[in-house]
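Peer 1: After the structure tokens below, expect a handful of questions from me.
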Amino acid sequence: MTVPPPQICCPNRSCTAPLNEFGRADCANCQTPLEYRYLWAIGEAVLTLPVGSILDGRYFVKSPQIWLDTQPAAQPDFPPVELPDEMQVYLSLYPYRLHVPEVFGICANQGPDEITTEVGLRSPILLLENVPLDGNGYLYPAIAQVWESASAARQVYWLWQLLHLWEPLAQQGVSASLLVADNVRVDGWRVRLCQLFWDDGLVDDESPTASLGINLGDLANVWLTWIEQARPEVAEPLRSLCHQMHVPNVELEAIAQTLNQLLLTHAAQTPLYLQMAGASEPGPQHTHNEDTCYPLTTQGEPTGDGVFPHLAVVCDGIGGHEGGEVASQLAVQSLKLQIQALLTEAKTASDLLSPAVVTEQLEAVVRVINDLIASQNNAQGREERRRMGTTLVMALQLPQAIATSTGETAPNSHELYLVNVGDSRAYWLTPHGCHRLTVDDDVAVREVRMGRMLYREALQRPDAGALIQALGTRDADYIHPTVQRLVIDEDGILLLCSDGVSDNDLVETGWREVMGAVFRGQRSLAATAQAWLDLANQKNGYDNVSVVLMQCQSTVAARPLVLPETPIEQSDWSESARALLESDQAAAPAPGAPASPPSQSKLGRWLWLLVLLLIGGVALWAHFHPMGLQSPDAPVEQPSPQP
């Protein structure tokens with residue numbers, strides 16, 4: 001029997017005729033774009049509900065576990081105050097939303113065939129979003145379906161992501177989620193899970209190894225079923241790795257180190273070309289700009305400065321015009337100096353810097369920047385809400401040289417490190433999709449990670465968007481930057497932006513409109529960055545706006561970016577930021593003390609800034625002195641988000 005399609009409700013609450021035929025792109029009455037939100041349903045009743053039925057007056061059952069929300073503007077039902085364990089685990093794993101789904105809400109009213117528990121209460125169906133479903137409600141392929149057609153680098157990269165998920169899932173008792181083959185889906189380079197499965201649900205209590213629980217050997221057994229069709233150049237190394245995973249009490253770090261070496265060896269066999277563009281504006285409602293980005297290509301490409309085109313940064317200053325722009329500019333200037341040193345170290349190192357070592361160094365860099373801004377706050381006597389600070393989102397493409405399987409040395413291992421503090425964001429964009437890579441440091445996310453609220457429920461709080469950490473506002477001991485490591489194995493564009501651009505899901509809803517021309521080769525990267533600012537000013541318009549685009553090309557058809565040899569250029573400070581940084585307030589005189597001289601020499605002011613940066617550099621050197629620096633040959637410790 002053919003099931004009639006549902007009607008889709010217009011998300012515009014002011015629309016006078018909101019019902020639309022299924023399949024329309026926009027509302028027939030008010031032309032508002034329609035949203036097709038497909039959800040993944042889990043619970044006791046999902047397999048008993050007929051396809052085509054409507055539940056809770058809004059959920060259309062497309063297939064037993066794939067439901068269409070026909071009222072996307074309406075809030076879902078939220079669970080009671082005491083969240084059950086099956087929800088808590090999703091909340092705890094929210095930092096891994098790149099791979100793990102999120103709880104959207106519940107469906108408590110299941111029609112006449114309600115499923116009840118032993119005590120006679122309804123058993124609600126859990127609805128998940130951020131699941132591996134395309135825009136038409138079809139699942140992305142299981143990893144086994146596309147494994148044989150994938151490149152060697154991508155096959156290893158998929159396994160690396162699964163290994164990266166092993167520890168956090170095991171800590172929550174859901175590592176079995178990686179053992180259910182149909183549960184592991186791939187969206188291009190990205191591994192995604194349909195849902196989470198409890199470990200005790202897959203362990204046979206009568207098995208002689210039941211007391212040992214699930215271990216890496218079980219994961220290796222799943223991998224071996226795929227490795228039979230692996231690319232010849234990686235099949236034997238992967239098979240050997242799986243045998244190593246069966247060794248009792250094998251260390252996860254040792255497995256990760258071996259897999260990482262194999263991944264970078266094959267990822268580096270194709271060249272990587274980078275192009276960048278950055279733009280920043282005050283926005284229509286402001287006269288000054290507290291954002292700072294690097295590079296700011298509206299002033300020309302900063303070639304020859306030692307970090308272009310491998311570093312991209314967006315900082316959104318807080319503290320008003322009397323401090324926010326100083327904090328953001330100080331962060332970018334200090335960051336460039338320290339990243340230049342890290343790039344030099346990576347270039348001259350005899351061995352690869354492991355992800356653990358690079359992560360540790362980037363965390364130390366962030367804390368040095370934090371202390372520089374905090375010192376400026378202390379020198380000017382700034383307290384509480386008057387303390388200036390800044391968000392940070394940065395991308396570092398670390399070009400480590402590595403020997404390939406052919407015996408040649410490739411100049412770039414294709415590693416991309418992301419660091420974020422605050423609510424500035426990073427996205428990965430291709431002609432086929434938009435992936436948000438970072439998680440905000442705000443109250444809404446804090447409530448989710450603490451297991452107190454679902455994300456959509458937390459967004460209803462009046463303080464949902466308030467930051468819980470930013471650089472410079474507190475001591476470095478309280479700063480927990482999130483560091484991620486990705487490997488570039490496809491052509492795409494990394495987008496970094498301040499919240500003036502990302503608010504109201506502008507990137508998620510507008511990426512096709514803005515990026516289509518650049519992907520078709522009809523618009524330059526610089527013009528595309530400006531197009532993002534124009535759209536943000538039109539749709540949001542109440543904040544400063546900044547965007548940096550890093551275009552990554554690794555296909556044979558890509559063309560290298562030719563960088564002219566030019567002297568190192570120093571980025572200049574804005575006049576208002578320079579005035580504050582050099583103001584007499586820096587001396588912080590006590591009440592009644594003699595006034596400081598009306599001006600300082602320009603040399604003295606720059607020496608003062610140099611002293612601040614030198615202090616940070618010394619602190620960074622002390623932290624990574626050879627006596628305490630982890631050897632590149634040490635086991636790899638996979639970075640994990642800090643609570």
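Ligands are numbered from 1 in the order shown, chains are lettered A, B, ... in the order of the structure tokens, and residues start at 1 in each chain.
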For region 247-321 of chain A versus region 219-237 of chain A, which residues have an atom no more than 10 Å away, and what is each residue's nearest atom pair and distance in Å rounded to one decimal, using only C-alpha atoms, chain-then-number order, as a tab-separated table?
Peer 2:
residue	atom	partner	partner_atom	distance
A:Thr258	CA	A:Pro237	CA	9.2
A:Leu259	CA	A:Pro237	CA	8.9
A:Leu262	CA	A:Val234	CA	8.0
A:Leu263	CA	A:Val234	CA	9.4
A:His266	CA	A:Val234	CA	8.7
Peer 1: List as a VMD selection string the protein and nucleic acid residues near Gly57 (chain A), meaning an atom at most 12 Å away when only C-alpha atoms are counted, but skip any in the same chain fewer than 5 places from it.
Peer 2: chain A and resid 6 to 9 68 to 71 74 76 107 to 111
Peer 1: Could you write out the selected residues, including all heavy atoms, as a compact mmCIF listing (two decimals), in the first residue's frame?
Peer 2:
# COMPACT_ATOMS: atom_id res chain seq x y z
N PRO A 6 3.43 13.32 3.88
CA PRO A 6 2.88 14.26 4.86
C PRO A 6 2.91 15.68 4.33
O PRO A 6 3.54 15.97 3.30
CB PRO A 6 3.83 14.10 6.05
CG PRO A 6 5.14 13.79 5.41
CD PRO A 6 4.83 12.95 4.20
N GLN A 7 2.25 16.57 5.04
CA GLN A 7 2.35 18.00 4.75
C GLN A 7 3.39 18.61 5.68
O GLN A 7 3.50 18.24 6.85
CB GLN A 7 1.00 18.69 4.95
CG GLN A 7 -0.03 18.33 3.89
CD GLN A 7 -1.32 19.12 4.06
OE1 GLN A 7 -1.92 19.10 5.13
NE2 GLN A 7 -1.75 19.80 3.01
N ILE A 8 4.16 19.55 5.16
CA ILE A 8 5.24 20.18 5.92
C ILE A 8 4.79 21.56 6.36
O ILE A 8 4.29 22.36 5.55
CB ILE A 8 6.52 20.29 5.07
CG1 ILE A 8 6.95 18.90 4.59
CG2 ILE A 8 7.64 20.94 5.87
CD1 ILE A 8 7.29 17.95 5.70
N CYS A 9 4.97 21.84 7.64
CA CYS A 9 4.55 23.13 8.20
C CYS A 9 5.64 24.18 7.99
O CYS A 9 6.82 23.92 8.23
CB CYS A 9 4.25 22.97 9.68
SG CYS A 9 3.44 24.40 10.42
N LEU A 68 10.22 11.83 10.08
CA LEU A 68 10.28 13.20 9.59
C LEU A 68 9.48 14.10 10.52
O LEU A 68 8.30 13.82 10.81
CB LEU A 68 9.71 13.29 8.17
CG LEU A 68 9.56 14.70 7.58
CD1 LEU A 68 10.92 15.37 7.42
CD2 LEU A 68 8.82 14.65 6.26
N ASP A 69 10.11 15.16 10.99
CA ASP A 69 9.43 16.15 11.83
C ASP A 69 8.70 17.13 10.91
O ASP A 69 9.34 17.94 10.23
CB ASP A 69 10.45 16.88 12.70
CG ASP A 69 9.80 17.85 13.67
OD1 ASP A 69 8.56 17.92 13.72
OD2 ASP A 69 10.54 18.56 14.39
N THR A 70 7.39 17.06 10.87
CA THR A 70 6.61 17.92 9.97
C THR A 70 6.38 19.31 10.54
O THR A 70 5.83 20.17 9.86
CB THR A 70 5.25 17.27 9.65
OG1 THR A 70 4.49 17.15 10.85
CG2 THR A 70 5.44 15.91 9.01
N GLN A 71 6.77 19.55 11.80
CA GLN A 71 6.64 20.86 12.43
C GLN A 71 8.01 21.29 12.97
O GLN A 71 8.21 21.37 14.19
CB GLN A 71 5.60 20.84 13.55
CG GLN A 71 4.21 20.45 13.08
CD GLN A 71 3.22 20.43 14.23
OE1 GLN A 71 3.35 21.15 15.21
NE2 GLN A 71 2.20 19.59 14.11
N ALA A 74 8.49 23.89 15.89
CA ALA A 74 7.96 23.62 17.23
C ALA A 74 9.01 22.91 18.08
O ALA A 74 9.79 22.11 17.58
CB ALA A 74 6.70 22.76 17.14
N PRO A 76 10.40 20.17 20.67
CA PRO A 76 10.00 18.79 20.99
C PRO A 76 9.62 18.67 22.46
O PRO A 76 9.84 19.59 23.26
CB PRO A 76 11.27 18.00 20.69
CG PRO A 76 12.38 18.97 20.97
CD PRO A 76 11.85 20.32 20.54
N CYS A 107 9.24 11.21 22.21
CA CYS A 107 7.87 11.06 21.74
C CYS A 107 7.14 10.19 22.76
O CYS A 107 7.34 8.97 22.81
CB CYS A 107 7.85 10.41 20.35
SG CYS A 107 6.18 10.08 19.73
N ALA A 108 6.34 10.81 23.60
CA ALA A 108 5.66 10.08 24.68
C ALA A 108 4.33 9.51 24.23
O ALA A 108 3.92 8.44 24.66
CB ALA A 108 5.45 11.01 25.88
N ASN A 109 3.63 10.20 23.33
CA ASN A 109 2.32 9.74 22.87
C ASN A 109 2.49 8.89 21.62
O ASN A 109 2.75 9.40 20.53
CB ASN A 109 1.42 10.95 22.58
CG ASN A 109 0.03 10.53 22.14
OD1 ASN A 109 -0.33 9.36 22.23
ND2 ASN A 109 -0.74 11.48 21.66
N GLN A 110 2.35 7.59 21.77
CA GLN A 110 2.62 6.66 20.68
C GLN A 110 1.34 6.09 20.08
O GLN A 110 1.35 5.03 19.47
CB GLN A 110 3.52 5.54 21.19
CG GLN A 110 4.86 6.07 21.70
CD GLN A 110 5.58 5.09 22.59
OE1 GLN A 110 5.27 3.91 22.56
NE2 GLN A 110 6.52 5.57 23.37
N GLY A 111 0.22 6.76 20.27
CA GLY A 111 -1.02 6.30 19.67
C GLY A 111 -1.67 5.19 20.47
O GLY A 111 -1.35 4.95 21.62
Peer 1: How many Å separate CA of Gly306 (chain A) from CA of Ala410 (chain A)?
Peer 2: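 Straight-line distance from CA of Gly306 (chain A) to CA of Ala410 (chain A) works out to 19.9 Å.
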Peer 1: Near region 337-339 of chain A, counting only C-alpha atoms, which residues have an atom at most 10 Å away, once you skip same-chain residues fewer than 2 positions from it, shown as number ranges by chain?
Peer 2: A: 305-307, 310-311, 332-335, 341-345, 361-362, 365-366, 368-369, 396, 398, 613, 616-617, 620
Peer 1: Please determine, counting only C-alpha atoms, which residue among A:Arg13, A:Val483, A:Leu216, A:Arg24 has the shortest atom-to-atom distance to Glu360 (chain A).
Peer 2: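 So, comparing all the options, the nearest one is A:Val483.
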Peer 1: Any chance you could tabulate, as CSV, the residues of region 193-260 of chain A at most 6 Å from region 165-179 of chain A with each one's nearest atom pair and distance in Å to one decimal, using only C-alpha atoms, in chain and rising number order?
Peer 2:
residue,atom,partner,partner_atom,distance
A:Leu196,CA,A:Ser177,CA,5.2
A:Phe197,CA,A:Ser177,CA,4.9
A:Trp198,CA,A:Val174,CA,4.5
A:Asp199,CA,A:Ala176,CA,5.0
Peer 1: Using the selection just defined, write its residues with all heavy atoms as a PDB file, in the first residue's frame.
Peer 2:
ATOM      1  N   LEU A 196      23.854   4.702  20.073  1.00  0.00           N
ATOM      2  CA  LEU A 196      24.778   4.100  21.025  1.00  0.00           C
ATOM      3  C   LEU A 196      24.184   2.805  21.566  1.00  0.00           C
ATOM      4  O   LEU A 196      22.977   2.721  21.823  1.00  0.00           O
ATOM      5  CB  LEU A 196      25.075   5.067  22.177  1.00  0.00           C
ATOM      6  CG  LEU A 196      25.739   6.393  21.774  1.00  0.00           C
ATOM      7  CD1 LEU A 196      25.881   7.309  22.986  1.00  0.00           C
ATOM      8  CD2 LEU A 196      27.098   6.155  21.123  1.00  0.00           C
ATOM      9  N   PHE A 197      25.034   1.800  21.742  1.00  0.00           N
ATOM     10  CA  PHE A 197      24.628   0.512  22.294  1.00  0.00           C
ATOM     11  C   PHE A 197      25.412   0.244  23.572  1.00  0.00           C
ATOM     12  O   PHE A 197      26.632   0.443  23.614  1.00  0.00           O
ATOM     13  CB  PHE A 197      24.894  -0.621  21.290  1.00  0.00           C
ATOM     14  CG  PHE A 197      24.008  -0.589  20.080  1.00  0.00           C
ATOM     15  CD1 PHE A 197      24.423   0.028  18.913  1.00  0.00           C
ATOM     16  CD2 PHE A 197      22.748  -1.175  20.104  1.00  0.00           C
ATOM     17  CE1 PHE A 197      23.618   0.062  17.783  1.00  0.00           C
ATOM     18  CE2 PHE A 197      21.925  -1.149  18.979  1.00  0.00           C
ATOM     19  CZ  PHE A 197      22.360  -0.533  17.829  1.00  0.00           C
ATOM     20  N   TRP A 198      24.710  -0.230  24.608  1.00  0.00           N
ATOM     21  CA  TRP A 198      25.361  -0.559  25.866  1.00  0.00           C
ATOM     22  C   TRP A 198      26.200  -1.816  25.701  1.00  0.00           C
ATOM     23  O   TRP A 198      25.807  -2.772  25.034  1.00  0.00           O
ATOM     24  CB  TRP A 198      24.330  -0.774  26.979  1.00  0.00           C
ATOM     25  CG  TRP A 198      23.590   0.461  27.353  1.00  0.00           C
ATOM     26  CD1 TRP A 198      22.328   0.818  26.975  1.00  0.00           C
ATOM     27  CD2 TRP A 198      24.069   1.523  28.182  1.00  0.00           C
ATOM     28  NE1 TRP A 198      21.988   2.026  27.520  1.00  0.00           N
ATOM     29  CE2 TRP A 198      23.037   2.485  28.261  1.00  0.00           C
ATOM     30  CE3 TRP A 198      25.264   1.749  28.869  1.00  0.00           C
ATOM     31  CZ2 TRP A 198      23.165   3.663  29.004  1.00  0.00           C
ATOM     32  CZ3 TRP A 198      25.397   2.917  29.598  1.00  0.00           C
ATOM     33  CH2 TRP A 198      24.369   3.861  29.667  1.00  0.00           C
ATOM     34  N   ASP A 199      27.372  -1.822  26.358  1.00  0.00           N
ATOM     35  CA  ASP A 199      28.271  -2.969  26.264  1.00  0.00           C
ATOM     36  C   ASP A 199      27.627  -4.241  26.816  1.00  0.00           C
ATOM     37  O   ASP A 199      27.785  -5.323  26.236  1.00  0.00           O
ATOM     38  CB  ASP A 199      29.566  -2.693  27.032  1.00  0.00           C
ATOM     39  CG  ASP A 199      30.399  -1.620  26.348  1.00  0.00           C
ATOM     40  OD1 ASP A 199      30.048  -1.223  25.219  1.00  0.00           O
ATOM     41  OD2 ASP A 199      31.401  -1.178  26.945  1.00  0.00           O
TER      42      ASP A 199
END
